[in-house]
>>> print(open('run.txt').read())   # compact mmCIF, C-alpha atoms
# COMPACT_ATOMS: atom_id res chain seq x y z
CA MET L 1 -41.47 -5.38 -64.66
CA SER L 2 -42.42 -8.90 -63.56
CA ILE L 3 -41.51 -10.21 -60.13
CA GLY L 4 -39.07 -12.64 -61.73
CA ARG L 5 -36.64 -9.94 -62.90
CA PHE L 6 -34.49 -9.49 -59.84
CA ARG L 7 -30.77 -9.76 -59.42
CA SER L 8 -28.51 -11.08 -56.66
CA VAL L 9 -29.83 -12.59 -53.42
CA MET L 10 -28.22 -10.72 -50.52
CA ILE L 11 -29.02 -12.98 -47.56
CA GLY L 12 -29.02 -16.74 -47.27
CA VAL L 13 -32.71 -17.31 -46.59
CA PHE L 14 -34.71 -19.50 -48.94
CA SER L 15 -38.24 -18.25 -48.24
CA VAL L 16 -39.16 -15.61 -50.81
CA ALA L 17 -40.85 -13.75 -47.97
CA ALA L 18 -37.50 -13.18 -46.29
CA VAL L 19 -35.22 -12.71 -49.30
CA VAL L 20 -33.72 -9.25 -49.82
CA VAL L 21 -32.83 -8.65 -53.46
CA ALA L 22 -31.27 -5.92 -55.51
CA ALA L 23 -34.24 -5.04 -57.69
CA ASP L 24 -34.05 -3.85 -61.26
CA ALA L 25 -34.67 -0.15 -61.76
CA PRO L 26 -38.39 0.69 -61.73
CA PRO L 27 -39.94 0.46 -65.21
CA PRO L 28 -39.83 3.95 -66.79
CA SER L 29 -43.18 3.56 -68.59
CA LEU L 30 -46.56 4.42 -67.13
CA PRO L 31 -49.35 2.48 -68.90
CA HIS L 32 -52.07 4.32 -70.78
CA SER L 33 -54.68 3.26 -68.21
CA ALA L 34 -52.56 4.77 -65.40
CA VAL L 35 -52.07 8.01 -67.33
CA GLU L 36 -55.84 8.28 -67.71
CA SER L 37 -56.28 7.60 -63.98
CA LEU L 38 -53.77 10.37 -63.22
CA LYS L 39 -55.74 12.81 -65.36
CA SER L 40 -58.98 11.75 -63.71
CA SER L 41 -57.49 12.15 -60.22
CA LEU L 42 -56.21 15.63 -61.03
CA SER L 43 -59.64 16.57 -62.35
CA ASP L 44 -61.35 15.18 -59.24
CA SER L 45 -58.98 17.12 -56.99
CA ALA L 46 -59.59 20.45 -58.73
CA ALA L 47 -62.46 21.46 -56.45
CA HIS L 48 -60.12 21.61 -53.46
CA ARG L 49 -57.82 24.56 -52.87
CA ASN L 50 -55.45 22.37 -50.84
CA HIS L 51 -55.47 18.71 -51.70
CA LEU L 52 -53.75 16.02 -49.62
CA TRP L 53 -52.49 14.05 -52.64
CA ARG L 54 -51.97 16.82 -55.19
CA ASP L 55 -50.36 19.53 -53.04
CA VAL L 56 -48.29 17.80 -50.34
CA ALA L 57 -44.61 17.30 -51.18
CA PRO L 58 -43.50 13.66 -51.39
CA ARG L 59 -40.26 14.35 -49.50
CA GLY L 60 -39.19 16.79 -46.81
CA ARG L 61 -36.10 18.97 -46.87
CA ASN L 62 -34.28 16.34 -44.82
CA GLY L 63 -35.04 13.70 -47.44
CA ALA L 64 -37.67 11.91 -45.37
CA VAL L 65 -40.60 10.52 -47.37
CA THR L 66 -44.14 11.71 -46.69
CA ALA L 67 -46.91 9.15 -46.21
CA TYR L 68 -50.65 9.74 -45.88
CA ILE L 69 -52.13 6.99 -43.67
CA GLU L 70 -55.24 5.30 -45.01
CA ILE L 71 -55.26 2.18 -42.80
CA PRO L 72 -53.69 1.96 -39.31
CA LYS L 73 -51.84 -1.13 -38.16
CA GLY L 74 -54.28 -3.71 -36.76
CA GLU L 75 -57.31 -2.25 -38.61
CA ARG L 76 -59.67 -4.60 -40.50
CA ARG L 77 -61.65 -1.77 -42.07
CA LYS L 78 -60.13 -0.98 -45.45
CA PHE L 79 -60.20 2.77 -45.86
CA GLU L 80 -59.40 4.22 -49.28
CA PHE L 81 -58.62 7.82 -50.17
CA ARG L 82 -61.26 9.45 -52.39
CA MET L 83 -59.75 12.06 -54.67
CA ARG L 84 -63.00 13.95 -55.17
CA ASP L 85 -63.70 14.14 -51.42
CA ASN L 86 -60.07 14.77 -50.35
CA ARG L 87 -60.47 12.26 -47.52
CA VAL L 88 -60.76 8.56 -46.84
CA ALA L 89 -63.91 6.47 -46.75
CA ILE L 90 -64.50 2.84 -45.80
CA ASP L 91 -64.32 0.64 -48.89
CA ARG L 92 -64.91 -2.71 -47.16
CA VAL L 93 -64.07 -4.76 -44.07
CA MET L 94 -61.40 -7.43 -44.34
CA PRO L 95 -62.45 -11.01 -43.37
CA GLU L 96 -62.03 -11.88 -39.70
CA ASP L 97 -59.80 -14.87 -40.46
CA LEU L 98 -57.39 -12.61 -42.35
CA GLY L 99 -57.05 -10.24 -39.43
CA GLY L 100 -56.06 -6.59 -39.42
CA TYR L 101 -53.34 -4.94 -41.47
CA PRO L 102 -49.95 -5.89 -39.99
CA ILE L 103 -48.48 -2.44 -40.69
CA ASN L 104 -49.64 1.14 -41.26
CA TYR L 105 -50.70 1.46 -44.90
CA GLY L 106 -51.02 4.55 -47.06
CA PHE L 107 -49.52 6.40 -50.00
CA VAL L 108 -46.88 8.93 -50.96
CA PRO L 109 -48.43 12.26 -52.09
CA GLN L 110 -47.69 13.64 -55.55
CA THR L 111 -47.03 10.19 -56.98
CA VAL L 112 -48.81 7.86 -59.37
CA SER L 113 -47.92 4.21 -59.74
CA TYR L 114 -48.41 1.66 -62.51
CA ASP L 115 -52.02 0.90 -61.53
CA GLY L 116 -52.99 4.58 -61.68
CA ASP L 117 -53.18 4.93 -57.89
CA PRO L 118 -50.72 6.85 -55.72
CA PHE L 119 -47.56 4.90 -54.85
CA ASP L 120 -48.16 2.74 -51.77
CA ALA L 121 -46.28 3.27 -48.50
CA LEU L 122 -45.95 0.92 -45.52
CA VAL L 123 -44.94 2.57 -42.23
CA LEU L 124 -43.35 0.56 -39.41
CA GLY L 125 -44.06 1.17 -35.73
CA PRO L 126 -47.20 1.56 -33.60
CA ALA L 127 -50.60 2.18 -35.13
CA LEU L 128 -51.06 5.65 -36.59
CA THR L 129 -54.31 7.54 -37.17
CA VAL L 130 -56.54 7.36 -40.25
CA GLY L 131 -55.90 10.50 -42.28
CA GLU L 132 -52.62 11.32 -40.55
CA THR L 133 -49.71 12.60 -42.61
CA THR L 134 -46.31 11.47 -41.38
CA GLN L 135 -42.73 11.28 -42.60
CA GLY L 136 -40.27 8.43 -42.45
CA VAL L 137 -36.89 7.12 -43.50
CA ILE L 138 -36.87 4.56 -46.31
CA VAL L 139 -35.80 1.13 -45.07
CA GLY L 140 -36.79 -1.08 -48.00
CA LEU L 141 -39.07 -1.96 -50.89
CA PHE L 142 -41.79 -4.62 -50.75
CA ILE L 143 -42.03 -6.26 -54.16
CA MET L 144 -45.30 -7.69 -55.38
CA ASP L 145 -47.70 -7.99 -58.31
CA ASP L 146 -51.48 -8.10 -58.42
CA GLU L 147 -54.18 -8.34 -61.08
CA LYS L 148 -53.34 -4.80 -62.24
CA GLY L 149 -49.62 -5.53 -62.65
CA HIS L 150 -46.58 -4.24 -60.79
CA ASP L 151 -47.53 -3.15 -57.26
CA ALA L 152 -44.35 -2.51 -55.22
CA LYS L 153 -44.59 -0.57 -51.94
CA VAL L 154 -41.97 1.59 -50.22
CA VAL L 155 -41.32 0.69 -46.56
CA LEU L 156 -40.72 3.57 -44.13
CA SER L 157 -39.67 3.93 -40.51
CA PRO L 158 -40.16 6.94 -38.24
CA SER L 159 -36.81 8.62 -37.74
CA ALA L 160 -34.72 8.22 -34.59
CA PRO L 161 -33.26 11.29 -32.81
CA GLY L 162 -30.08 11.02 -34.88
CA GLY L 163 -32.01 11.01 -38.14
CA GLY L 164 -31.70 7.33 -38.95
CA PRO L 165 -34.57 4.83 -38.91
CA ARG L 166 -36.13 4.03 -35.55
CA TYR L 167 -37.08 0.55 -36.78
CA GLU L 168 -35.46 -1.88 -39.17
CA VAL L 169 -37.35 -4.48 -41.21
CA THR L 170 -36.74 -7.77 -39.40
CA ALA L 171 -37.05 -11.25 -40.84
CA ALA L 172 -40.23 -11.65 -38.78
CA ASP L 173 -41.63 -8.43 -40.32
CA ARG L 174 -40.89 -9.70 -43.82
CA GLN L 175 -42.58 -13.02 -43.13
CA ARG L 176 -45.64 -11.44 -41.51
CA LEU L 177 -46.13 -8.85 -44.27
CA SER L 178 -45.54 -11.37 -47.04
CA ASP L 179 -48.04 -13.79 -45.51
CA PHE L 180 -50.69 -11.08 -45.22
CA PHE L 181 -50.27 -9.43 -48.62
CA GLY L 182 -49.90 -12.81 -50.30
CA ARG L 183 -53.47 -13.71 -49.35
CA TYR L 184 -55.28 -10.44 -48.63
CA LYS L 185 -57.18 -10.55 -51.93
CA ALA L 186 -58.02 -14.27 -51.84
CA HIS L 187 -61.63 -13.47 -50.87
CA GLU L 188 -62.15 -11.11 -53.84
CA PRO L 189 -63.28 -12.83 -57.07
CA GLY L 190 -61.08 -12.07 -60.06
CA LYS L 191 -58.27 -10.57 -57.96
CA PHE L 192 -54.95 -11.93 -56.76
CA SER L 193 -51.68 -10.85 -55.18
CA ARG L 194 -48.23 -12.38 -55.55
CA VAL L 195 -45.26 -11.54 -53.34
CA GLY L 196 -41.86 -11.23 -55.02
CA GLY L 197 -39.51 -10.46 -52.12
CA TRP L 198 -37.80 -7.41 -50.70
CA GLY L 199 -35.67 -4.65 -52.19
CA THR L 200 -33.22 -2.27 -50.57
CA ALA L 201 -33.69 1.28 -49.28
CA ALA L 202 -32.04 2.53 -52.48
CA ASP L 203 -34.65 0.62 -54.50
CA GLY L 204 -37.41 2.23 -52.47
CA LEU L 205 -36.01 5.70 -53.12
CA ALA L 206 -35.80 4.99 -56.85
CA TYR L 207 -39.52 4.13 -56.90
CA VAL L 208 -40.51 7.22 -54.93
CA MET L 209 -38.56 9.46 -57.29
CA LEU L 210 -39.87 7.84 -60.47
CA THR L 211 -43.53 7.75 -59.38
CA HIS L 212 -43.21 11.45 -58.49
CA ARG L 213 -41.85 12.10 -61.98
CA PHE L 214 -44.84 10.24 -63.41
CA PHE L 215 -47.08 12.61 -61.42
CA THR L 216 -45.34 15.73 -62.70
CA GLU L 217 -44.43 14.71 -66.26
CA CYS L 218 -47.17 12.34 -67.49
CA ARG L 219 -50.35 14.35 -66.93
CA ASP L 220 -50.41 15.69 -70.51
CA ALA L 221 -49.34 12.45 -72.22
CA ALA L 222 -51.42 10.98 -75.02
CA GLY L 223 -51.45 7.24 -74.52
CA GLY L 224 -48.74 5.80 -72.31
CA CYS L 225 -45.88 7.82 -70.87
CA THR L 226 -42.23 6.77 -70.98
CA LEU L 227 -39.64 8.85 -69.13
CA SER L 228 -35.96 9.08 -69.85
CA ARG L 229 -33.71 7.45 -67.24
>>> encode(input="run.txt", output="structure tokens")
Amino acid sequence: MSIGRFRSVMIGVFSVAAVVVAADAPPPSLPHSAVESLKSSLSDSAAHRNHLWRDVAPRGRNGAVTAYIEIPKGERRKFEFRMRDNRVAIDRVMPEDLGGYPINYGFVPQTVSYDGDPFDALVLGPALTVGETTQGVIVGLFIMDDEKGHDAKVVLSPSAPGGGPRYEVTAADRQRLSDFFGRYKAHEPGKFSRVGGWGTAADGLAYVMLTHRFFTECRDAAGGCTLSR
């Protein structure tokens, strides 16, 4: 799905960074390259009796979404989870002029997205710890593409005492995140990122559920994998 295929604008703001849209349903097809990455990740994880991506449920009994934190808010070091090691390692350091990540960044366990990596999660609130597993309430979907294709990210908030989100995504949050992720690959030759706007909490849930289905149903596929709606 390209970033142009979105339906009605829900708020009267003209900057794409601040626009909330009702996104189309997530594409039901996982590319062949992503299927092969899924198989490779499962193979790499086999040495571990308990694996943080393979064995942790993507949602709790209360419906909250699980996120494994790779990069804390404010961190310039880009940690990435290594399937074979079952832990994160430093991949590179982001340029000083770009600054640190404006939000906690990680992934939802037991998912695979269109690039073959676990489905990305952004967690609002104070900085969390590298390697921490947390749960949050879905508050939106961050829509973007990169050189590998569709690269949307679910946005989570820690829950408040009543069970709702402790934080909402403000217009300032949308602008700050869009500015960062719109240029965070500018220093990497051959790579790019393009921000497409913001989806609803329902859109975020649809992506979590589908990328979990990819994880469970596409591991034995030959070629690409298309799921029924």
>>> closest_residue(input="run.txt", among="L:Ile69, L:Val112, L:Cys218, L:Met144", to="L:Leu124", atoms="all atoms listed in the file")
L:Ile69
>>> closest_residue(input="run.txt", among="L:Pro126, L:Gly163, L:Pro118, L:Pro26", to="L:Gly204", atoms="all atoms listed in the file")
L:Pro26
>>> residues_around(input="run.txt", residues="L:Ala127", least_positions_apart="5", cutoff="8 Å", atoms="only C-alpha atoms", output="list in words")
Pro72, Lys73, Gly74, Ile103 and Asn104 of chain L
>>> residues_around(input="run.txt", residues="L:Ile143", least_positions_apart="2", cutoff="8 Å", atoms="all atoms listed in the file", output="compact mmCIF listing (two decimals) with C-alpha atoms, in the coordinates of the input")
# COMPACT_ATOMS: atom_id res chain seq x y z
CA ILE L 3 -41.51 -10.21 -60.13
CA LEU L 141 -39.07 -1.96 -50.89
CA ASP L 145 -47.70 -7.99 -58.31
CA ASP L 151 -47.53 -3.15 -57.26
CA ALA L 152 -44.35 -2.51 -55.22
CA LYS L 153 -44.59 -0.57 -51.94
CA VAL L 195 -45.26 -11.54 -53.34
CA GLY L 196 -41.86 -11.23 -55.02
CA GLY L 197 -39.51 -10.46 -52.12
CA TRP L 198 -37.80 -7.41 -50.70
CA GLY L 199 -35.67 -4.65 -52.19
>>> closest_atom_pairs(input="run.txt", of="stretch 97-123 of chain L", to="stretch 205-217 of chain L", cutoff="9 Å", atoms="all atoms listed in the file", output="CSV")
residue,atom,partner,partner_atom,distance
L:Val108,CA,L:Val208,CA,7.7
L:Pro109,CA,L:His212,CA,8.3
L:Gln110,CA,L:His212,CA,5.8
L:Thr111,CA,L:His212,CA,4.3
L:Val112,CA,L:Thr211,CA,5.3
L:Ser113,CA,L:Thr211,CA,5.7
L:Tyr114,CA,L:Thr211,CA,8.4
L:Pro118,CA,L:Thr211,CA,8.1
L:Phe119,CA,L:Thr211,CA,6.7
>>> closest_residue(input="run.txt", among="L:Glu75, L:Phe181, L:Asp173, L:Gly131", to="L:Val88", atoms="only C-alpha atoms")
L:Gly131
>>> residues_around(input="run.txt", residues="L:Tyr101", least_positions_apart="3", cutoff="12 Å", atoms="only C-alpha atoms", output="mmCIF file with C-alpha atoms, in the frame of the given file")
data_model
loop_
_atom_site.group_PDB
_atom_site.id
_atom_site.type_symbol
_atom_site.label_atom_id
_atom_site.label_comp_id
_atom_site.auth_asym_id
_atom_site.auth_seq_id
_atom_site.Cartn_x
_atom_site.Cartn_y
_atom_site.Cartn_z
ATOM 1 C CA GLU L 70 -55.240 5.300 -45.010
ATOM 2 C CA ILE L 71 -55.260 2.180 -42.800
ATOM 3 C CA PRO L 72 -53.690 1.960 -39.310
ATOM 4 C CA LYS L 73 -51.840 -1.130 -38.160
ATOM 5 C CA GLY L 74 -54.280 -3.710 -36.760
ATOM 6 C CA GLU L 75 -57.310 -2.250 -38.610
ATOM 7 C CA ARG L 76 -59.670 -4.600 -40.500
ATOM 8 C CA ARG L 77 -61.650 -1.770 -42.070
ATOM 9 C CA LYS L 78 -60.130 -0.980 -45.450
ATOM 10 C CA PHE L 79 -60.200 2.770 -45.860
ATOM 11 C CA VAL L 93 -64.070 -4.760 -44.070
ATOM 12 C CA MET L 94 -61.400 -7.430 -44.340
ATOM 13 C CA PRO L 95 -62.450 -11.010 -43.370
ATOM 14 C CA GLU L 96 -62.030 -11.880 -39.700
ATOM 15 C CA ASP L 97 -59.800 -14.870 -40.460
ATOM 16 C CA LEU L 98 -57.390 -12.610 -42.350
ATOM 17 C CA ASN L 104 -49.640 1.140 -41.260
ATOM 18 C CA TYR L 105 -50.700 1.460 -44.900
ATOM 19 C CA GLY L 106 -51.020 4.550 -47.060
ATOM 20 C CA LEU L 122 -45.950 0.920 -45.520
ATOM 21 C CA VAL L 123 -44.940 2.570 -42.230
ATOM 22 C CA LEU L 124 -43.350 0.560 -39.410
ATOM 23 C CA PRO L 126 -47.200 1.560 -33.600
ATOM 24 C CA ALA L 127 -50.600 2.180 -35.130
ATOM 25 C CA LEU L 128 -51.060 5.650 -36.590
ATOM 26 C CA ARG L 176 -45.640 -11.440 -41.510
ATOM 27 C CA LEU L 177 -46.130 -8.850 -44.270
ATOM 28 C CA SER L 178 -45.540 -11.370 -47.040
ATOM 29 C CA ASP L 179 -48.040 -13.790 -45.510
ATOM 30 C CA PHE L 180 -50.690 -11.080 -45.220
ATOM 31 C CA PHE L 181 -50.270 -9.430 -48.620
ATOM 32 C CA ARG L 183 -53.470 -13.710 -49.350
ATOM 33 C CA TYR L 184 -55.280 -10.440 -48.630
#
>>> atom_distance(input="run.txt", atom1="atom CA of L:Gly223", atom2="atom CA of L:Ser29")
10.8 Å
>>> atom_distance(input="run.txt", atom1="atom CA of L:Met83", atom2="atom CA of L:Glu36")
14.1 Å
>>> residues_near_point(input="run.txt", point="(-50.7, 7.3, -71.0)", cutoff="9 Å", atoms="only C-alpha atoms", output="ChimeraX atom specification")
/L:29-38,218-226
>>> write_last_selection(input="run.txt", atoms="C-alpha atoms", output="PDB file, in the coordinates of the input")
ATOM      1  CA  SER L  29     -43.180   3.560 -68.590  1.00  0.00           C
ATOM      2  CA  LEU L  30     -46.560   4.420 -67.130  1.00  0.00           C
ATOM      3  CA  PRO L  31     -49.350   2.480 -68.900  1.00  0.00           C
ATOM      4  CA  HIS L  32     -52.070   4.320 -70.780  1.00  0.00           C
ATOM      5  CA  SER L  33     -54.680   3.260 -68.210  1.00  0.00           C
ATOM      6  CA  ALA L  34     -52.560   4.770 -65.400  1.00  0.00           C
ATOM      7  CA  VAL L  35     -52.070   8.010 -67.330  1.00  0.00           C
ATOM      8  CA  GLU L  36     -55.840   8.280 -67.710  1.00  0.00           C
ATOM      9  CA  SER L  37     -56.280   7.600 -63.980  1.00  0.00           C
ATOM     10  CA  LEU L  38     -53.770  10.370 -63.220  1.00  0.00           C
ATOM     11  CA  CYS L 218     -47.170  12.340 -67.490  1.00  0.00           C
ATOM     12  CA  ARG L 219     -50.350  14.350 -66.930  1.00  0.00           C
ATOM     13  CA  ASP L 220     -50.410  15.690 -70.510  1.00  0.00           C
ATOM     14  CA  ALA L 221     -49.340  12.450 -72.220  1.00  0.00           C
ATOM     15  CA  ALA L 222     -51.420  10.980 -75.020  1.00  0.00           C
ATOM     16  CA  GLY L 223     -51.450   7.240 -74.520  1.00  0.00           C
ATOM     17  CA  GLY L 224     -48.740   5.800 -72.310  1.00  0.00           C
ATOM     18  CA  CYS L 225     -45.880   7.820 -70.870  1.00  0.00           C
ATOM     19  CA  THR L 226     -42.230   6.770 -70.980  1.00  0.00           C
TER      20      THR L 226
END
>>> atom_distance(input="run.txt", atom1="atom CA of L:Gly60", atom2="atom CA of L:Ala172")
29.6 Å
>>> closest_residue(input="run.txt", among="L:Val65, L:Ala89, L:Ala25, L:Ala186", to="L:Val137", atoms="only C-alpha atoms")
L:Val65
>>> closest_residue(input="run.txt", among="L:Thr134, L:Asp85, L:Asp24, L:Phe192", to="L:Ser41", atoms="all atoms listed in the file")
L:Asp85
>>> decode(input="run.txt", residues="stretch 129-172 of chain L", atoms="C-alpha atoms", output="compact mmCIF listing (two decimals), in the first residue's frame")
# COMPACT_ATOMS: atom_id res chain seq x y z
CA THR L 129 15.22 1.07 29.23
CA VAL L 130 16.98 -0.73 26.38
CA GLY L 131 15.71 -4.31 26.38
CA GLU L 132 12.65 -3.55 28.48
CA THR L 133 9.35 -5.20 27.62
CA THR L 134 6.31 -3.03 28.29
CA GLN L 135 2.64 -2.89 27.39
CA GLY L 136 0.54 -0.01 26.17
CA VAL L 137 -2.79 1.14 24.82
CA ILE L 138 -2.93 1.84 21.09
CA VAL L 139 -3.43 5.55 20.39
CA GLY L 140 -2.64 5.73 16.68
CA LEU L 141 -0.73 4.61 13.61
CA PHE L 142 2.26 6.45 12.14
CA ILE L 143 2.17 6.04 8.37
CA MET L 144 5.37 6.06 6.36
CA ASP L 145 7.33 4.40 3.57
CA ASP L 146 11.05 3.79 3.17
CA GLU L 147 13.35 2.18 0.61
CA LYS L 148 11.96 -1.25 1.56
CA GLY L 149 8.32 -0.22 1.08
CA HIS L 150 5.47 0.17 3.54
CA ASP L 151 6.80 0.90 7.04
CA ALA L 152 3.89 1.95 9.31
CA LYS L 153 4.39 1.96 13.09
CA VAL L 154 1.83 1.48 15.87
CA VAL L 155 1.82 4.22 18.53
CA LEU L 156 1.27 3.15 22.14
CA SER L 157 0.73 4.88 25.47
CA PRO L 158 1.21 3.43 28.95
CA SER L 159 -2.19 2.85 30.48
CA ALA L 160 -3.74 5.15 33.08
CA PRO L 161 -5.25 3.73 36.31
CA GLY L 162 -8.65 3.44 34.62
CA GLY L 163 -7.23 1.44 31.73
CA GLY L 164 -7.25 4.18 29.12
CA PRO L 165 -4.14 5.81 27.64
CA ARG L 166 -2.04 7.94 29.96
CA TYR L 167 -0.90 10.08 27.01
CA GLU L 168 -2.57 11.17 23.81
CA VAL L 169 -0.73 11.99 20.58
CA THR L 170 -0.71 15.79 20.41
CA ALA L 171 -0.23 17.93 17.32
CA ALA L 172 3.24 18.78 18.65
